[in-house]
Amino acid sequence: AQKVTQAQTEISVVEKEDVTLDCVYETRDTTYYLFWYKQPPSGELVFLIRRNSFDEQNEISGRYSWNFQKSTSSFNFTITASQVVDSAVYFCALSTNAGKSTFGDGTTLTVKP
Amino acid sequence: DAGVIQSPRHEVTEMGQEVTLRCKPISGHNSLFWYRQTMMRGLELLIYFNNNVPIDDSGMPEDRFSAKMPNASFSTLKIQPSEPRDSAVYFCASSRGTGGNEKLFFGSGTQLSVL
């Protein structure tokens with residue numbers, strides 16, 4: 001069985017603050033894939049990043065960075081210098097080679113001006 | 001390029017009525033997924049297809065729900081009869097391959113309200 005836990009239900013920050021969204025996962029598979037998706041107020045989920053279980057390299061893309069640690073089964077997402085447009089619900093997801101994705105409950109991020 | 005297209009965007013119906021949600025995946029994508037999103041249960045996978053074949057429907061809540069994919073460019077999710085607890089946003093998503101490493105492309109969703 002797979003499980004994804006996003007313990008933070010809601011986070012509120014002021015613009016330009018850094019914020020980290022936590023994601024902890026559980027799986028018995030040795031090969032798996034982790035994702036982050038963003039759901040802005042418009043409603044459509046948008047892909048942000050994918051990591052596979054063999055690649056623990058952290059990744060940075062502009063103001064976004066991701067920290068993957070297999071030792072703690074975590075795949076955390078940090079937004080540096082947050083902006084109002086970052087306000088959204090962020091989902092962490094896990095899938096295996098079988099193709100079935102399991103999503104966390106999401107973290108609602110509000111960035112205030 | 002067109003993304004995943006869902007229709008209708010909004011559906012309001014009365015309890016007991018049949019509801020059909022439609023989805024057109026991205027051309028060339030081989031996997032299609034139906035998700036339901038509610039405040040209480042979050043994003044739930046209902047069913048997914050690989051190459052038009054249903055692979056896992058264990059998420060379908062009950063026999064009132066059925067899904068079909070008659071060809072690579074069209075899928076339907078039907079609820080008959082509908083109940084108020086079916087009210088939710090239903091998302092369709094597609095991916096290029098059939099493995100779990102593929103990212104999902106989501107449609108805009110169908111907001112279903114069953115009165």
# chains A, B, ... in the order shown; residues from 1 in each chain; ligands from 1
>>> interface_residues(of="chain A", to="chain B", cutoff="7 Å", atoms="only C-alpha atoms", output="PyMOL selection string")
chain A and resi 33+43-45+47+95-100+103+105
>>> residues_around(residues="Lys78 of chain B", least_positions_apart="4", cutoff="10 Å", atoms="only C-alpha atoms", output="MDAnalysis selection string")
chainID B and resid 18:22 64:68 82
>>> write_last_selection(atoms="all heavy atoms", output="tab-separated table (two decimals), in the first residue's frame")
chain	number	residue	atom	x	y	z
B	18	GLU	N	-29.38	10.47	-14.00
B	18	GLU	CA	-28.12	9.95	-14.55
B	18	GLU	C	-27.22	11.12	-14.94
B	18	GLU	O	-27.69	12.12	-15.50
B	18	GLU	CB	-28.41	9.09	-15.78
B	18	GLU	CG	-27.16	8.57	-16.46
B	18	GLU	CD	-27.50	7.72	-17.68
B	18	GLU	OE1	-28.15	6.67	-17.51
B	18	GLU	OE2	-27.12	8.11	-18.80
B	19	VAL	N	-25.94	10.98	-14.63
B	19	VAL	CA	-24.97	12.01	-14.97
B	19	VAL	C	-23.86	11.38	-15.80
B	19	VAL	O	-23.36	10.30	-15.45
B	19	VAL	CB	-24.35	12.61	-13.69
B	19	VAL	CG1	-23.24	13.60	-14.04
B	19	VAL	CG2	-25.43	13.30	-12.85
B	20	THR	N	-23.49	12.04	-16.87
B	20	THR	CA	-22.38	11.55	-17.70
B	20	THR	C	-21.35	12.65	-17.85
B	20	THR	O	-21.65	13.75	-18.33
B	20	THR	CB	-22.86	11.12	-19.09
B	20	THR	OG1	-23.80	10.05	-18.94
B	20	THR	CG2	-21.69	10.62	-19.93
B	21	LEU	N	-20.14	12.34	-17.43
B	21	LEU	CA	-19.02	13.26	-17.56
B	21	LEU	C	-18.13	12.77	-18.71
B	21	LEU	O	-17.93	11.57	-18.87
B	21	LEU	CB	-18.21	13.32	-16.26
B	21	LEU	CG	-19.03	13.53	-14.97
B	21	LEU	CD1	-18.10	13.61	-13.78
B	21	LEU	CD2	-19.91	14.75	-15.06
B	22	ARG	N	-17.59	13.72	-19.45
B	22	ARG	CA	-16.83	13.37	-20.65
B	22	ARG	C	-15.41	13.88	-20.60
B	22	ARG	O	-15.15	14.93	-19.99
B	22	ARG	CB	-17.55	13.90	-21.89
B	22	ARG	CG	-18.92	13.29	-22.09
B	22	ARG	CD	-19.68	13.95	-23.22
B	22	ARG	NE	-20.95	13.28	-23.47
B	22	ARG	CZ	-22.05	13.44	-22.75
B	22	ARG	NH1	-22.06	14.29	-21.73
B	22	ARG	NH2	-23.15	12.78	-23.04
B	64	ARG	N	-22.97	2.26	-8.76
B	64	ARG	CA	-23.64	3.36	-9.46
B	64	ARG	C	-22.67	4.08	-10.41
B	64	ARG	O	-23.10	4.81	-11.29
B	64	ARG	CB	-24.19	4.36	-8.44
B	64	ARG	CG	-25.24	3.80	-7.51
B	64	ARG	CD	-25.80	4.87	-6.59
B	64	ARG	NE	-24.79	5.43	-5.70
B	64	ARG	CZ	-24.27	6.64	-5.83
B	64	ARG	NH1	-24.64	7.43	-6.83
B	64	ARG	NH2	-23.35	7.08	-4.97
B	65	PHE	N	-21.40	3.84	-10.20
B	65	PHE	CA	-20.37	4.49	-11.01
B	65	PHE	C	-19.87	3.51	-12.08
B	65	PHE	O	-19.58	2.35	-11.78
B	65	PHE	CB	-19.18	4.92	-10.15
B	65	PHE	CG	-19.43	6.12	-9.29
B	65	PHE	CD1	-20.28	6.06	-8.20
B	65	PHE	CD2	-18.79	7.32	-9.56
B	65	PHE	CE1	-20.51	7.18	-7.41
B	65	PHE	CE2	-18.99	8.44	-8.77
B	65	PHE	CZ	-19.86	8.36	-7.69
B	66	SER	N	-19.73	4.01	-13.29
B	66	SER	CA	-19.15	3.21	-14.35
B	66	SER	C	-18.34	4.11	-15.27
B	66	SER	O	-18.66	5.29	-15.42
B	66	SER	CB	-20.22	2.46	-15.14
B	66	SER	OG	-21.08	3.38	-15.79
B	67	ALA	N	-17.31	3.56	-15.87
B	67	ALA	CA	-16.47	4.34	-16.77
B	67	ALA	C	-16.16	3.51	-18.00
B	67	ALA	O	-16.01	2.29	-17.91
B	67	ALA	CB	-15.18	4.78	-16.09
B	68	LYS	N	-16.06	4.20	-19.12
B	68	LYS	CA	-15.74	3.54	-20.38
B	68	LYS	C	-14.71	4.35	-21.14
B	68	LYS	O	-14.62	5.56	-20.98
B	68	LYS	CB	-17.00	3.37	-21.24
B	68	LYS	CG	-18.04	2.44	-20.67
B	68	LYS	CD	-19.24	2.32	-21.61
B	68	LYS	CE	-20.29	1.38	-21.05
B	68	LYS	NZ	-21.46	1.27	-21.95
B	82	SER	N	-27.64	9.24	-9.47
B	82	SER	CA	-26.78	10.14	-8.71
B	82	SER	C	-27.38	10.41	-7.33
B	82	SER	O	-28.61	10.33	-7.13
B	82	SER	CB	-26.57	11.45	-9.46
B	82	SER	OG	-27.82	12.07	-9.72
>>> residues_around(residues="Leu46 of chain B", least_positions_apart="6", cutoff="9 Å", atoms="only C-alpha atoms", output="PyMOL selection string")
chain B and resi 33-36+56-61
>>> residues_around(residues="Gln17 of chain B", least_positions_apart="4", cutoff="9 Å", atoms="only C-alpha atoms", output="list of chain:residue names")
B:Thr13, B:Ile79, B:Gln80, B:Pro81, B:Ser82, B:Glu83, B:Val114
>>> atom_distance(atom1="atom CA of Gly104 of chain A", atom2="atom CA of Pro41 of chain A")
18.1 Å
>>> atom_distance(atom1="atom CA of Thr107 of chain A", atom2="atom CA of Asp55 of chain A")
24.5 Å
>>> residues_around(residues="Ile5 of chain B", least_positions_apart="4", cutoff="7 Å", atoms="only C-alpha atoms", output="VMD selection string")
chain B and resid 23 to 25 107
>>> select_by_dssp(residues="segment 33-72 of chain A", states="strand (DSSP E or B)", output="PDB file with all heavy atoms, in the first residue's frame")
ATOM      1  N   TYR A  33       8.150   6.888  -7.931  1.00  0.00           N
ATOM      2  CA  TYR A  33       8.313   8.233  -8.478  1.00  0.00           C
ATOM      3  C   TYR A  33       7.532   9.217  -7.619  1.00  0.00           C
ATOM      4  O   TYR A  33       6.417   8.929  -7.187  1.00  0.00           O
ATOM      5  CB  TYR A  33       7.798   8.263  -9.926  1.00  0.00           C
ATOM      6  CG  TYR A  33       8.398   7.163 -10.760  1.00  0.00           C
ATOM      7  CD1 TYR A  33       7.751   5.933 -10.874  1.00  0.00           C
ATOM      8  CD2 TYR A  33       9.620   7.328 -11.394  1.00  0.00           C
ATOM      9  CE1 TYR A  33       8.307   4.897 -11.601  1.00  0.00           C
ATOM     10  CE2 TYR A  33      10.181   6.299 -12.128  1.00  0.00           C
ATOM     11  CZ  TYR A  33       9.526   5.087 -12.220  1.00  0.00           C
ATOM     12  OH  TYR A  33      10.087   4.065 -12.930  1.00  0.00           O
ATOM     13  N   LEU A  34       8.113  10.344  -7.399  1.00  0.00           N
ATOM     14  CA  LEU A  34       7.497  11.377  -6.566  1.00  0.00           C
ATOM     15  C   LEU A  34       7.238  12.619  -7.403  1.00  0.00           C
ATOM     16  O   LEU A  34       8.053  12.976  -8.261  1.00  0.00           O
ATOM     17  CB  LEU A  34       8.418  11.724  -5.391  1.00  0.00           C
ATOM     18  CG  LEU A  34       8.647  10.579  -4.407  1.00  0.00           C
ATOM     19  CD1 LEU A  34       9.846  10.868  -3.527  1.00  0.00           C
ATOM     20  CD2 LEU A  34       7.406  10.337  -3.572  1.00  0.00           C
ATOM     21  N   PHE A  35       6.125  13.253  -7.128  1.00  0.00           N
ATOM     22  CA  PHE A  35       5.702  14.411  -7.906  1.00  0.00           C
ATOM     23  C   PHE A  35       5.209  15.514  -6.971  1.00  0.00           C
ATOM     24  O   PHE A  35       4.743  15.257  -5.862  1.00  0.00           O
ATOM     25  CB  PHE A  35       4.530  14.053  -8.833  1.00  0.00           C
ATOM     26  CG  PHE A  35       4.806  12.954  -9.821  1.00  0.00           C
ATOM     27  CD1 PHE A  35       4.774  11.620  -9.437  1.00  0.00           C
ATOM     28  CD2 PHE A  35       5.062  13.258 -11.143  1.00  0.00           C
ATOM     29  CE1 PHE A  35       5.014  10.605 -10.347  1.00  0.00           C
ATOM     30  CE2 PHE A  35       5.290  12.249 -12.069  1.00  0.00           C
ATOM     31  CZ  PHE A  35       5.265  10.925 -11.673  1.00  0.00           C
ATOM     32  N   TRP A  36       5.285  16.733  -7.484  1.00  0.00           N
ATOM     33  CA  TRP A  36       4.566  17.853  -6.892  1.00  0.00           C
ATOM     34  C   TRP A  36       3.708  18.477  -7.984  1.00  0.00           C
ATOM     35  O   TRP A  36       4.164  18.648  -9.118  1.00  0.00           O
ATOM     36  CB  TRP A  36       5.515  18.917  -6.336  1.00  0.00           C
ATOM     37  CG  TRP A  36       6.008  18.614  -4.950  1.00  0.00           C
ATOM     38  CD1 TRP A  36       7.174  17.990  -4.613  1.00  0.00           C
ATOM     39  CD2 TRP A  36       5.358  18.936  -3.709  1.00  0.00           C
ATOM     40  NE1 TRP A  36       7.285  17.899  -3.245  1.00  0.00           N
ATOM     41  CE2 TRP A  36       6.188  18.470  -2.670  1.00  0.00           C
ATOM     42  CE3 TRP A  36       4.156  19.573  -3.393  1.00  0.00           C
ATOM     43  CZ2 TRP A  36       5.849  18.621  -1.325  1.00  0.00           C
ATOM     44  CZ3 TRP A  36       3.828  19.722  -2.056  1.00  0.00           C
ATOM     45  CH2 TRP A  36       4.666  19.257  -1.037  1.00  0.00           C
ATOM     46  N   TYR A  37       2.452  18.784  -7.580  1.00  0.00           N
ATOM     47  CA  TYR A  37       1.518  19.464  -8.475  1.00  0.00           C
ATOM     48  C   TYR A  37       0.998  20.713  -7.767  1.00  0.00           C
ATOM     49  O   TYR A  37       0.859  20.748  -6.547  1.00  0.00           O
ATOM     50  CB  TYR A  37       0.327  18.571  -8.824  1.00  0.00           C
ATOM     51  CG  TYR A  37       0.657  17.405  -9.722  1.00  0.00           C
ATOM     52  CD1 TYR A  37       1.102  16.189  -9.196  1.00  0.00           C
ATOM     53  CD2 TYR A  37       0.511  17.496 -11.107  1.00  0.00           C
ATOM     54  CE1 TYR A  37       1.409  15.118 -10.016  1.00  0.00           C
ATOM     55  CE2 TYR A  37       0.805  16.429 -11.936  1.00  0.00           C
ATOM     56  CZ  TYR A  37       1.251  15.251 -11.381  1.00  0.00           C
ATOM     57  OH  TYR A  37       1.547  14.188 -12.202  1.00  0.00           O
ATOM     58  N   LYS A  38       0.664  21.699  -8.563  1.00  0.00           N
ATOM     59  CA  LYS A  38       0.099  22.954  -8.048  1.00  0.00           C
ATOM     60  C   LYS A  38      -1.333  23.101  -8.547  1.00  0.00           C
ATOM     61  O   LYS A  38      -1.600  22.868  -9.734  1.00  0.00           O
ATOM     62  CB  LYS A  38       0.936  24.138  -8.539  1.00  0.00           C
ATOM     63  CG  LYS A  38       0.391  25.516  -8.172  1.00  0.00           C
ATOM     64  CD  LYS A  38       1.284  26.612  -8.746  1.00  0.00           C
ATOM     65  CE  LYS A  38       0.768  27.999  -8.388  1.00  0.00           C
ATOM     66  NZ  LYS A  38       1.645  29.080  -8.930  1.00  0.00           N
ATOM     67  N   GLN A  39      -2.239  23.451  -7.652  1.00  0.00           N
ATOM     68  CA  GLN A  39      -3.621  23.701  -8.036  1.00  0.00           C
ATOM     69  C   GLN A  39      -3.961  25.146  -7.678  1.00  0.00           C
ATOM     70  O   GLN A  39      -4.311  25.458  -6.542  1.00  0.00           O
ATOM     71  CB  GLN A  39      -4.588  22.738  -7.336  1.00  0.00           C
ATOM     72  CG  GLN A  39      -6.025  22.874  -7.817  1.00  0.00           C
ATOM     73  CD  GLN A  39      -6.960  21.882  -7.159  1.00  0.00           C
ATOM     74  OE1 GLN A  39      -6.801  21.534  -5.987  1.00  0.00           O
ATOM     75  NE2 GLN A  39      -7.949  21.409  -7.904  1.00  0.00           N
ATOM     76  N   VAL A  46      -1.467  21.401 -12.043  1.00  0.00           N
ATOM     77  CA  VAL A  46      -0.355  21.585 -12.960  1.00  0.00           C
ATOM     78  C   VAL A  46       0.878  20.904 -12.395  1.00  0.00           C
ATOM     79  O   VAL A  46       1.228  21.093 -11.225  1.00  0.00           O
ATOM     80  CB  VAL A  46      -0.075  23.088 -13.176  1.00  0.00           C
ATOM     81  CG1 VAL A  46       1.130  23.276 -14.077  1.00  0.00           C
ATOM     82  CG2 VAL A  46      -1.288  23.785 -13.754  1.00  0.00           C
ATOM     83  N   PHE A  47       1.547  20.143 -13.228  1.00  0.00           N
ATOM     84  CA  PHE A  47       2.759  19.430 -12.834  1.00  0.00           C
ATOM     85  C   PHE A  47       3.891  20.413 -12.547  1.00  0.00           C
ATOM     86  O   PHE A  47       4.092  21.371 -13.293  1.00  0.00           O
ATOM     87  CB  PHE A  47       3.151  18.489 -13.970  1.00  0.00           C
ATOM     88  CG  PHE A  47       4.538  17.931 -13.890  1.00  0.00           C
ATOM     89  CD1 PHE A  47       4.819  16.834 -13.102  1.00  0.00           C
ATOM     90  CD2 PHE A  47       5.577  18.511 -14.613  1.00  0.00           C
ATOM     91  CE1 PHE A  47       6.095  16.312 -13.041  1.00  0.00           C
ATOM     92  CE2 PHE A  47       6.867  18.002 -14.553  1.00  0.00           C
ATOM     93  CZ  PHE A  47       7.114  16.894 -13.770  1.00  0.00           C
ATOM     94  N   LEU A  48       4.636  20.152 -11.470  1.00  0.00           N
ATOM     95  CA  LEU A  48       5.799  20.970 -11.142  1.00  0.00           C
ATOM     96  C   LEU A  48       7.101  20.202 -11.300  1.00  0.00           C
ATOM     97  O   LEU A  48       8.048  20.691 -11.932  1.00  0.00           O
ATOM     98  CB  LEU A  48       5.701  21.488  -9.701  1.00  0.00           C
ATOM     99  CG  LEU A  48       4.582  22.493  -9.404  1.00  0.00           C
ATOM    100  CD1 LEU A  48       4.582  22.847  -7.923  1.00  0.00           C
ATOM    101  CD2 LEU A  48       4.711  23.734 -10.265  1.00  0.00           C
ATOM    102  N   ILE A  49       7.186  19.008 -10.712  1.00  0.00           N
ATOM    103  CA  ILE A  49       8.430  18.276 -10.733  1.00  0.00           C
ATOM    104  C   ILE A  49       8.205  16.783 -10.518  1.00  0.00           C
ATOM    105  O   ILE A  49       7.202  16.390  -9.925  1.00  0.00           O
ATOM    106  CB  ILE A  49       9.426  18.783  -9.654  1.00  0.00           C
ATOM    107  CG1 ILE A  49      10.815  18.180  -9.896  1.00  0.00           C
ATOM    108  CG2 ILE A  49       8.915  18.462  -8.258  1.00  0.00           C
ATOM    109  CD1 ILE A  49      11.887  18.768  -9.035  1.00  0.00           C
ATOM    110  N   ARG A  50       9.122  15.977 -11.025  1.00  0.00           N
ATOM    111  CA  ARG A  50       9.129  14.539 -10.813  1.00  0.00           C
ATOM    112  C   ARG A  50      10.536  14.109 -10.419  1.00  0.00           C
ATOM    113  O   ARG A  50      11.523  14.576 -10.982  1.00  0.00           O
ATOM    114  CB  ARG A  50       8.736  13.813 -12.089  1.00  0.00           C
ATOM    115  CG  ARG A  50       8.908  12.298 -12.053  1.00  0.00           C
ATOM    116  CD  ARG A  50       8.697  11.701 -13.435  1.00  0.00           C
ATOM    117  NE  ARG A  50       9.612  12.273 -14.406  1.00  0.00           N
ATOM    118  CZ  ARG A  50       9.298  12.489 -15.678  1.00  0.00           C
ATOM    119  NH1 ARG A  50       8.087  12.197 -16.119  1.00  0.00           N
ATOM    120  NH2 ARG A  50      10.175  13.011 -16.498  1.00  0.00           N
ATOM    121  N   ARG A  51      10.631  13.207  -9.428  1.00  0.00           N
ATOM    122  CA  ARG A  51      11.897  12.569  -9.075  1.00  0.00           C
ATOM    123  C   ARG A  51      11.676  11.072  -9.031  1.00  0.00           C
ATOM    124  O   ARG A  51      10.623  10.601  -8.593  1.00  0.00           O
ATOM    125  CB  ARG A  51      12.409  13.021  -7.707  1.00  0.00           C
ATOM    126  CG  ARG A  51      12.565  14.481  -7.511  1.00  0.00           C
ATOM    127  CD  ARG A  51      13.497  15.085  -8.511  1.00  0.00           C
ATOM    128  NE  ARG A  51      14.891  14.781  -8.282  1.00  0.00           N
ATOM    129  CZ  ARG A  51      15.849  15.175  -9.114  1.00  0.00           C
ATOM    130  NH1 ARG A  51      15.550  15.826 -10.218  1.00  0.00           N
ATOM    131  NH2 ARG A  51      17.104  14.900  -8.867  1.00  0.00           N
ATOM    132  N   ASN A  52      12.682  10.295  -9.428  1.00  0.00           N
ATOM    133  CA  ASN A  52      12.558   8.855  -9.255  1.00  0.00           C
ATOM    134  C   ASN A  52      13.369   8.419  -8.038  1.00  0.00           C
ATOM    135  O   ASN A  52      14.246   9.143  -7.561  1.00  0.00           O
ATOM    136  CB  ASN A  52      12.960   8.106 -10.531  1.00  0.00           C
ATOM    137  CG  ASN A  52      14.440   8.200 -10.816  1.00  0.00           C
ATOM    138  OD1 ASN A  52      15.256   7.928  -9.945  1.00  0.00           O
ATOM    139  ND2 ASN A  52      14.782   8.569 -12.026  1.00  0.00           N
ATOM    140  N   GLU A  59      16.939  19.516  -6.462  1.00  0.00           N
ATOM    141  CA  GLU A  59      16.754  20.273  -7.702  1.00  0.00           C
ATOM    142  C   GLU A  59      16.283  21.677  -7.400  1.00  0.00           C
ATOM    143  O   GLU A  59      15.512  21.906  -6.470  1.00  0.00           O
ATOM    144  CB  GLU A  59      15.741  19.564  -8.602  1.00  0.00           C
ATOM    145  CG  GLU A  59      15.531  20.277  -9.929  1.00  0.00           C
ATOM    146  CD  GLU A  59      15.043  19.353 -11.006  1.00  0.00           C
ATOM    147  OE1 GLU A  59      15.243  18.128 -10.881  1.00  0.00           O
ATOM    148  OE2 GLU A  59      14.455  19.848 -11.988  1.00  0.00           O
ATOM    149  N   ILE A  60      16.775  22.606  -8.201  1.00  0.00           N
ATOM    150  CA  ILE A  60      16.375  24.008  -8.059  1.00  0.00           C
ATOM    151  C   ILE A  60      15.890  24.486  -9.416  1.00  0.00           C
ATOM    152  O   ILE A  60      16.519  24.237 -10.443  1.00  0.00           O
ATOM    153  CB  ILE A  60      17.557  24.882  -7.600  1.00  0.00           C
ATOM    154  CG1 ILE A  60      18.040  24.443  -6.217  1.00  0.00           C
ATOM    155  CG2 ILE A  60      17.155  26.358  -7.578  1.00  0.00           C
ATOM    156  CD1 ILE A  60      19.279  25.182  -5.748  1.00  0.00           C
ATOM    157  N   SER A  61      14.753  25.163  -9.382  1.00  0.00           N
ATOM    158  CA  SER A  61      14.226  25.748 -10.606  1.00  0.00           C
ATOM    159  C   SER A  61      13.711  27.136 -10.259  1.00  0.00           C
ATOM    160  O   SER A  61      12.615  27.301  -9.730  1.00  0.00           O
ATOM    161  CB  SER A  61      13.100  24.881 -11.170  1.00  0.00           C
ATOM    162  OG  SER A  61      12.515  25.497 -12.308  1.00  0.00           O
ATOM    163  N   TYR A  64      11.945  27.848  -6.911  1.00  0.00           N
ATOM    164  CA  TYR A  64      11.500  26.561  -6.377  1.00  0.00           C
ATOM    165  C   TYR A  64      12.689  25.626  -6.171  1.00  0.00           C
ATOM    166  O   TYR A  64      13.595  25.578  -7.014  1.00  0.00           O
ATOM    167  CB  TYR A  64      10.545  25.873  -7.353  1.00  0.00           C
ATOM    168  CG  TYR A  64       9.224  26.560  -7.598  1.00  0.00           C
ATOM    169  CD1 TYR A  64       8.372  26.095  -8.584  1.00  0.00           C
ATOM    170  CD2 TYR A  64       8.816  27.659  -6.860  1.00  0.00           C
ATOM    171  CE1 TYR A  64       7.142  26.696  -8.817  1.00  0.00           C
ATOM    172  CE2 TYR A  64       7.595  28.271  -7.078  1.00  0.00           C
ATOM    173  CZ  TYR A  64       6.758  27.783  -8.069  1.00  0.00           C
ATOM    174  OH  TYR A  64       5.542  28.389  -8.302  1.00  0.00           O
ATOM    175  N   SER A  65      12.654  24.884  -5.088  1.00  0.00           N
ATOM    176  CA  SER A  65      13.663  23.848  -4.885  1.00  0.00           C
ATOM    177  C   SER A  65      13.019  22.670  -4.175  1.00  0.00           C
ATOM    178  O   SER A  65      12.031  22.824  -3.456  1.00  0.00           O
ATOM    179  CB  SER A  65      14.853  24.385  -4.079  1.00  0.00           C
ATOM    180  OG  SER A  65      14.453  24.801  -2.796  1.00  0.00           O
ATOM    181  N   TRP A  66      13.606  21.492  -4.416  1.00  0.00           N
ATOM    182  CA  TRP A  66      13.055  20.273  -3.852  1.00  0.00           C
ATOM    183  C   TRP A  66      14.166  19.484  -3.181  1.00  0.00           C
ATOM    184  O   TRP A  66      15.269  19.340  -3.713  1.00  0.00           O
ATOM    185  CB  TRP A  66      12.420  19.415  -4.957  1.00  0.00           C
ATOM    186  CG  TRP A  66      11.181  20.034  -5.503  1.00  0.00           C
ATOM    187  CD1 TRP A  66       9.907  19.843  -5.084  1.00  0.00           C
ATOM    188  CD2 TRP A  66      11.096  20.966  -6.587  1.00  0.00           C
ATOM    189  NE1 TRP A  66       9.034  20.590  -5.833  1.00  0.00           N
ATOM    190  CE2 TRP A  66       9.734  21.294  -6.756  1.00  0.00           C
ATOM    191  CE3 TRP A  66      12.036  21.567  -7.427  1.00  0.00           C
ATOM    192  CZ2 TRP A  66       9.286  22.182  -7.742  1.00  0.00           C
ATOM    193  CZ3 TRP A  66      11.602  22.453  -8.409  1.00  0.00           C
ATOM    194  CH2 TRP A  66      10.250  22.748  -8.552  1.00  0.00           C
ATOM    195  N   ASN A  67      13.862  18.949  -2.016  1.00  0.00           N
ATOM    196  CA  ASN A  67      14.805  18.181  -1.213  1.00  0.00           C
ATOM    197  C   ASN A  67      14.260  16.771  -1.030  1.00  0.00           C
ATOM    198  O   ASN A  67      13.287  16.565  -0.308  1.00  0.00           O
ATOM    199  CB  ASN A  67      15.004  18.872   0.144  1.00  0.00           C
ATOM    200  CG  ASN A  67      16.057  18.179   0.983  1.00  0.00           C
ATOM    201  OD1 ASN A  67      16.496  17.077   0.667  1.00  0.00           O
ATOM    202  ND2 ASN A  67      16.469  18.810   2.053  1.00  0.00           N
ATOM    203  N   PHE A  68      14.899  15.805  -1.681  1.00  0.00           N
ATOM    204  CA  PHE A  68      14.466  14.412  -1.632  1.00  0.00           C
ATOM    205  C   PHE A  68      15.423  13.657  -0.716  1.00  0.00           C
ATOM    206  O   PHE A  68      16.624  13.603  -0.983  1.00  0.00           O
ATOM    207  CB  PHE A  68      14.475  13.823  -3.045  1.00  0.00           C
ATOM    208  CG  PHE A  68      14.142  12.362  -3.132  1.00  0.00           C
ATOM    209  CD1 PHE A  68      13.368  11.716  -2.176  1.00  0.00           C
ATOM    210  CD2 PHE A  68      14.593  11.617  -4.212  1.00  0.00           C
ATOM    211  CE1 PHE A  68      13.075  10.374  -2.271  1.00  0.00           C
ATOM    212  CE2 PHE A  68      14.287  10.269  -4.336  1.00  0.00           C
ATOM    213  CZ  PHE A  68      13.539   9.649  -3.353  1.00  0.00           C
ATOM    214  N   GLN A  69      14.905  13.051   0.338  1.00  0.00           N
ATOM    215  CA  GLN A  69      15.729  12.267   1.252  1.00  0.00           C
ATOM    216  C   GLN A  69      15.082  10.910   1.471  1.00  0.00           C
ATOM    217  O   GLN A  69      14.065  10.807   2.180  1.00  0.00           O
ATOM    218  CB  GLN A  69      15.906  13.008   2.585  1.00  0.00           C
ATOM    219  CG  GLN A  69      16.762  14.265   2.477  1.00  0.00           C
ATOM    220  CD  GLN A  69      17.182  14.802   3.841  1.00  0.00           C
ATOM    221  OE1 GLN A  69      16.500  14.578   4.830  1.00  0.00           O
ATOM    222  NE2 GLN A  69      18.293  15.520   3.879  1.00  0.00           N
TER     223      GLN A  69
END
